[in-house]
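Okay, query.tsv now, which holds TSV, C-alpha atoms:
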chain	number	residue	atom	x	y	z
P	1	MET	CA	-131.02	14.09	38.43
P	2	LYS	CA	-127.51	14.82	39.68
P	3	ILE	CA	-126.93	15.50	43.37
P	4	LEU	CA	-123.70	16.56	45.07
P	5	ILE	CA	-123.19	15.54	48.71
P	6	VAL	CA	-120.63	17.59	50.65
P	7	GLU	CA	-120.16	15.71	53.92
P	8	ASP	CA	-116.92	15.00	55.78
P	9	GLU	CA	-118.26	12.08	57.82
P	10	ARG	CA	-117.40	9.09	55.65
P	11	ARG	CA	-120.10	6.67	56.77
P	12	LEU	CA	-122.84	9.28	56.51
P	13	GLY	CA	-121.68	10.52	53.12
P	14	GLN	CA	-121.57	7.00	51.70
P	15	PHE	CA	-124.95	6.17	53.24
P	16	ILE	CA	-126.64	9.20	51.64
P	17	LYS	CA	-124.96	8.48	48.30
P	18	LYS	CA	-126.11	4.84	48.38
P	19	SER	CA	-129.65	5.80	49.40
P	20	LEU	CA	-129.95	8.33	46.59
P	21	GLY	CA	-128.49	5.88	44.08
P	22	GLU	CA	-131.08	3.28	45.05
P	23	ARG	CA	-133.74	5.84	44.08
P	24	SER	CA	-132.25	6.46	40.63
P	25	TYR	CA	-130.44	9.69	41.45
P	26	THR	CA	-126.87	10.20	40.24
P	27	ALA	CA	-125.06	11.08	43.47
P	28	THR	CA	-121.49	12.28	43.99
P	29	TRP	CA	-119.98	12.42	47.46
P	30	VAL	CA	-117.06	14.68	48.45
P	31	ALA	CA	-115.65	15.40	51.90
P	32	SER	CA	-114.16	18.90	51.74
P	33	CYS	CA	-114.62	22.44	50.42
P	34	ALA	CA	-111.79	21.96	47.93
P	35	ALA	CA	-113.31	18.76	46.57
P	36	ALA	CA	-116.71	20.45	46.29
P	37	ARG	CA	-115.20	23.30	44.26
P	38	ASP	CA	-113.49	20.79	41.96
P	39	ALA	CA	-116.73	18.83	41.53
P	40	LEU	CA	-118.64	21.94	40.48
P	41	CYS	CA	-115.92	22.82	37.98
P	42	GLU	CA	-116.37	19.42	36.37
P	43	THR	CA	-120.15	19.38	35.96
P	44	GLY	CA	-123.44	20.88	37.11
P	45	TYR	CA	-125.79	19.51	39.77
P	46	ASP	CA	-129.53	19.79	40.31
P	47	VAL	CA	-129.27	19.86	44.12
P	48	ILE	CA	-126.42	20.14	46.61
P	49	ILE	CA	-126.58	18.66	50.11
P	50	LEU	CA	-124.10	20.66	52.18
P	51	ASP	CA	-122.61	19.97	55.61
P	52	LEU	CA	-121.24	23.00	57.45
P	53	GLY	CA	-118.42	21.56	59.55
P	54	LEU	CA	-115.87	20.65	56.86
P	55	PRO	CA	-112.17	19.91	57.49
P	56	ASP	CA	-110.83	22.73	55.29
P	57	GLY	CA	-113.42	25.44	55.88
P	58	ASP	CA	-116.94	26.43	56.87
P	59	GLY	CA	-119.75	25.31	54.61
P	60	LEU	CA	-121.46	28.68	55.05
P	61	GLU	CA	-118.44	30.47	53.60
P	62	LEU	CA	-118.47	28.01	50.71
P	63	LEU	CA	-122.15	28.78	50.15
P	64	ARG	CA	-121.47	32.54	50.22
P	65	GLU	CA	-118.74	32.02	47.63
P	66	TRP	CA	-121.11	30.09	45.37
P	67	ARG	CA	-123.85	32.72	45.58
P	68	ARG	CA	-121.41	35.57	44.90
P	69	SER	CA	-120.16	33.79	41.78
P	70	GLY	CA	-123.69	33.44	40.38
P	71	PHE	CA	-124.27	29.83	41.35
P	72	ASN	CA	-128.03	29.53	41.91
P	73	GLU	CA	-128.71	25.78	42.13
P	74	PRO	CA	-130.72	24.62	45.19
P	75	VAL	CA	-128.67	23.97	48.34
P	76	LEU	CA	-129.92	21.92	51.29
P	77	ILE	CA	-127.86	22.42	54.44
P	78	LEU	CA	-127.47	19.26	56.51
P	79	SER	CA	-125.85	20.13	59.82
P	80	ALA	CA	-125.59	19.31	63.50
P	81	ARG	CA	-126.03	23.02	64.20
P	82	ASP	CA	-129.71	22.83	65.04
P	83	ALA	CA	-130.46	26.07	66.91
P	84	VAL	CA	-133.12	28.32	65.39
P	85	GLU	CA	-130.48	31.04	64.95
P	86	ASP	CA	-128.29	28.63	62.95
P	87	ARG	CA	-131.16	27.75	60.62
P	88	ILE	CA	-132.08	31.39	60.08
P	89	HIS	CA	-128.46	32.29	59.39
P	90	GLY	CA	-128.06	29.43	56.90
P	91	LEU	CA	-131.17	30.46	54.99
P	92	ASP	CA	-130.13	34.13	55.02
P	93	VAL	CA	-126.72	33.23	53.57
P	94	GLY	CA	-128.41	31.57	50.61
P	95	ALA	CA	-129.52	28.04	51.46
P	96	ASP	CA	-132.85	26.87	50.05
P	97	ASP	CA	-133.58	24.47	52.91
P	98	TYR	CA	-132.06	23.38	56.24
P	99	LEU	CA	-132.23	19.97	57.90
P	100	ALA	CA	-130.66	19.31	61.30
P	101	LYS	CA	-128.79	16.13	62.27
P	102	PRO	CA	-129.80	13.54	63.31
P	103	PHE	CA	-132.38	13.29	60.56
P	104	SER	CA	-134.83	10.89	58.98
P	105	LEU	CA	-133.72	9.55	55.60
P	106	GLU	CA	-137.27	9.75	54.31
P	107	GLU	CA	-137.47	13.41	55.31
P	108	LEU	CA	-134.18	14.13	53.56
P	109	LEU	CA	-135.45	12.45	50.39
P	110	ALA	CA	-138.74	14.37	50.60
P	111	ARG	CA	-136.87	17.66	50.90
P	112	VAL	CA	-134.68	16.79	47.91
P	113	ARG	CA	-137.80	16.00	45.86
P	114	SER	CA	-139.33	19.30	46.96
P	115	LEU	CA	-136.27	21.27	45.85
P	116	LEU	CA	-136.25	19.50	42.48
P	117	ARG	CA	-139.94	20.27	41.95
P	118	ARG	CA	-139.45	23.89	42.96
P	119	GLN	CA	-136.51	24.29	40.61
P	120	SER	CA	-138.48	22.81	37.74
P	121	ALA	CA	-141.51	24.99	38.44
P	122	VAL	CA	-139.63	28.29	38.40
P	123	LYS	CA	-137.80	27.80	35.13
P	124	GLU	CA	-138.54	30.77	32.93
P	125	THR	CA	-139.80	30.47	29.38
P	126	VAL	CA	-138.40	33.86	28.33
P	127	LEU	CA	-134.78	34.74	29.10
P	128	GLU	CA	-133.50	38.29	28.76
P	129	HIS	CA	-130.03	39.76	29.20
P	130	ARG	CA	-129.01	43.22	28.05
P	131	ALA	CA	-130.45	43.47	24.51
P	132	ILE	CA	-130.95	39.71	24.07
P	133	ARG	CA	-134.38	38.12	24.36
P	134	MET	CA	-134.80	34.33	24.07
P	135	ASP	CA	-138.22	32.68	23.95
P	136	LEU	CA	-137.76	29.04	24.93
P	137	LEU	CA	-141.23	27.98	23.84
P	138	ALA	CA	-141.21	29.69	20.46
P	139	ARG	CA	-137.49	28.88	20.00
P	140	THR	CA	-136.73	32.42	18.88
P	141	VAL	CA	-133.97	34.88	19.73
P	142	ALA	CA	-133.86	38.63	19.19
P	143	LEU	CA	-131.10	41.21	19.66
P	144	GLY	CA	-132.33	44.74	20.15
P	145	GLY	CA	-135.73	43.65	18.86
P	146	GLN	CA	-134.29	42.20	15.66
P	147	PRO	CA	-134.54	38.42	15.10
P	148	VAL	CA	-131.31	36.44	15.07
P	149	ASP	CA	-131.06	33.13	13.24
P	150	LEU	CA	-129.32	30.43	15.28
P	151	THR	CA	-128.62	26.77	14.69
P	152	SER	CA	-130.00	24.37	17.30
P	153	ARG	CA	-126.52	24.04	18.82
P	154	GLU	CA	-126.00	27.81	18.97
P	155	PHE	CA	-129.44	28.20	20.57
P	156	ALA	CA	-128.60	25.60	23.23
P	157	LEU	CA	-125.24	27.23	23.94
P	158	LEU	CA	-126.75	30.70	24.32
P	159	GLU	CA	-129.46	29.27	26.60
P	160	VAL	CA	-126.81	27.89	28.96
P	161	PHE	CA	-125.31	31.36	29.32
P	162	LEU	CA	-128.66	33.12	29.74
P	163	GLN	CA	-129.58	30.63	32.48
P	164	ASN	CA	-126.33	31.50	34.29
P	165	PRO	CA	-125.58	35.23	33.82
P	166	GLY	CA	-122.39	36.34	35.51
P	167	ARG	CA	-121.36	32.81	36.45
P	168	ILE	CA	-118.03	31.46	35.19
P	169	LEU	CA	-118.95	28.27	33.35
P	170	PRO	CA	-116.26	25.58	33.06
P	171	ARG	CA	-115.71	24.19	29.56
P	172	THR	CA	-116.61	20.68	30.73
P	173	LEU	CA	-119.93	21.86	32.17
P	174	ILE	CA	-120.87	23.69	28.96
P	175	ALA	CA	-119.92	20.68	26.85
P	176	GLU	CA	-122.05	18.36	28.98
P	177	LYS	CA	-125.05	20.66	28.57
P	178	ILE	CA	-124.65	20.95	24.81
P	179	TRP	CA	-123.20	17.61	23.74
P	180	GLU	CA	-124.41	15.38	26.62
P	181	SER	CA	-120.86	14.30	27.45
P	182	HIS	CA	-117.71	16.44	27.32
P	183	TYR	CA	-115.69	13.33	26.42
P	184	ASP	CA	-117.29	13.34	22.97
P	185	VAL	CA	-116.30	16.90	22.13
P	186	ASP	CA	-113.20	17.96	20.26
P	187	GLY	CA	-111.27	20.54	22.27
P	188	ASN	CA	-111.67	23.26	19.61
P	189	LEU	CA	-115.37	22.71	18.87
P	190	LEU	CA	-116.64	24.79	21.78
P	191	ASP	CA	-114.30	27.63	20.77
P	192	VAL	CA	-115.74	27.51	17.24
P	193	TYR	CA	-119.29	27.86	18.53
P	194	MET	CA	-118.27	30.65	20.91
P	195	SER	CA	-116.79	32.53	17.95
P	196	LYS	CA	-120.13	32.17	16.14
P	197	LEU	CA	-122.06	33.55	19.13
P	198	ARG	CA	-119.64	36.45	19.47
P	199	ALA	CA	-120.01	37.30	15.79
P	200	LYS	CA	-123.80	37.49	16.20
P	201	PHE	CA	-124.13	39.14	19.61
P	202	ASP	CA	-120.90	40.95	20.52
P	203	THR	CA	-121.75	44.08	18.55
P	204	ASP	CA	-120.23	46.63	20.96
P	205	ALA	CA	-116.45	46.30	21.18
P	206	ALA	CA	-116.37	48.67	24.14
P	207	ARG	CA	-118.75	46.47	26.12
P	208	PRO	CA	-118.15	42.79	25.34
P	209	LEU	CA	-120.82	40.23	26.13
P	210	PHE	CA	-118.70	37.13	26.62
P	211	LYS	CA	-115.44	36.76	28.54
P	212	THR	CA	-112.93	33.97	28.06
P	213	VAL	CA	-111.59	32.81	31.43
P	214	ARG	CA	-108.28	31.27	30.45
P	215	GLY	CA	-107.86	27.69	31.61
P	216	VAL	CA	-111.44	27.51	32.93
P	217	GLY	CA	-114.19	28.42	30.49
P	218	TYR	CA	-116.47	31.35	29.63
P	219	GLN	CA	-118.61	33.96	31.35
P	220	LEU	CA	-121.65	35.99	30.23
P	221	LEU	CA	-120.88	39.51	31.41
P	222	PRO	CA	-123.48	41.80	33.01

Take the structure in the file and give it back as structure tokens.
Amino acid sequence: MKILIVEDERRLGQFIKKSLGERSYTATWVASCAAARDALCETGYDVIILDLGLPDGDGLELLREWRRSGFNEPVLILSARDAVEDRIHGLDVGADDYLAKPFSLEELLARVRSLLRRQSAVKETVLEHRAIRMDLLARTVALGGQPVDLTSREFALLEVFLQNPGRILPRTLIAEKIWESHYDVDGNLLDVYMSKLRAKFDTDAARPLFKTVRGVGYQLLP
């Protein structure tokens, strides 16, 4: 499980990263809003631990930005702002949990485990978007009620988009989901598979399904 820690206090950030690593999590620590944005462009995370008082911006504004862009991964706010009003505001903005500083490490770990369980429990087995219907258990896909034959790689690629409708997905993130590591993928291979998906699903030229975001990746349009 991959966890991103956004915390500007160096000792605390390194402590959380080390503690998570000792429990077999893959943890990345960054200390600013800009670094957090870059980290999310590089890969996906299962949980984000987010401080609010960051040197280049407010963590709440960063969270609002993520939610507006379609980012729906669990976020645990970890902040010295411990008033009831602060907690309510953080949850209303889009956080999944809120833990005030100072905190117990064991409680932090328990809350991370809870978010991971919750995320796993709510995963849908049928994904639908516009005229597309994907059954994850039966491994079938239909467009407008008509079955569409897909290779296993095409199925996996379409699933990534259906799990993240409206979200701009970086090329590196898509490659990691489909090929395990983006380092193993030829630069043109993803484009080839995207062309195959477009040929099978982009049937209305006036209302395209996929958008190429130049220099970044792709987006499944609403």

Show me, as a ChimeraX atom specification, the residues that have an atom within 10 Å of Leu116 in chain P when counting all atoms listed in the file, minus same-chain residues fewer than 3 positions from it. /P:1,46-47,73-74,110-113,119-121

Nearby residues (only C-alpha atoms) at most 8 Å from range 135-143 of chain P, same-chain spacing under 5 positions excluded, as a list in words: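 Here the qualifying residues turn out to be Thr125, Val126, Leu127, Val148, Asp149, Leu150 and Phe201 of chain P.
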
Hey, what's within 8 Å of range 11-14 of chain P if we count all atoms listed in the file and toss same-chain stuff fewer than 3 positions away? As a PyMOL selection string, please? chain P and resi 5-8+17-18+29-31

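Once Gly144 in chain P and its same-chain neighbours fewer than 6 positions away are set aside, Arg130, Ala131, Ile132, Arg133 and Phe201 of chain P remain within 10 Å of it when counting all atoms listed in the file.
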
Residue neighbourhood range 207-212 of chain P, 9 Å, all atoms listed in the file, exclusion window fewer than 2 positions, as a PDB file with C-alpha atoms, in the frame of the given file:
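Resulting contents of selection16.pdb:
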ATOM      1  CA  ARG P 130    -129.010  43.220  28.050  1.00  0.00           C
ATOM      2  CA  ILE P 168    -118.030  31.460  35.190  1.00  0.00           C
ATOM      3  CA  MET P 194    -118.270  30.650  20.910  1.00  0.00           C
ATOM      4  CA  LEU P 197    -122.060  33.550  19.130  1.00  0.00           C
ATOM      5  CA  ARG P 198    -119.640  36.450  19.470  1.00  0.00           C
ATOM      6  CA  PHE P 201    -124.130  39.140  19.610  1.00  0.00           C
ATOM      7  CA  ASP P 202    -120.900  40.950  20.520  1.00  0.00           C
ATOM      8  CA  THR P 203    -121.750  44.080  18.550  1.00  0.00           C
ATOM      9  CA  ASP P 204    -120.230  46.630  20.960  1.00  0.00           C
ATOM     10  CA  ALA P 205    -116.450  46.300  21.180  1.00  0.00           C
ATOM     11  CA  ARG P 214    -108.280  31.270  30.450  1.00  0.00           C
ATOM     12  CA  GLY P 215    -107.860  27.690  31.610  1.00  0.00           C
ATOM     13  CA  VAL P 216    -111.440  27.510  32.930  1.00  0.00           C
ATOM     14  CA  GLY P 217    -114.190  28.420  30.490  1.00  0.00           C
ATOM     15  CA  TYR P 218    -116.470  31.350  29.630  1.00  0.00           C
ATOM     16  CA  GLN P 219    -118.610  33.960  31.350  1.00  0.00           C
ATOM     17  CA  LEU P 220    -121.650  35.990  30.230  1.00  0.00           C
ATOM     18  CA  LEU P 221    -120.880  39.510  31.410  1.00  0.00           C
ATOM     19  CA  PRO P 222    -123.480  41.800  33.010  1.00  0.00           C
TER      20      PRO P 222
END
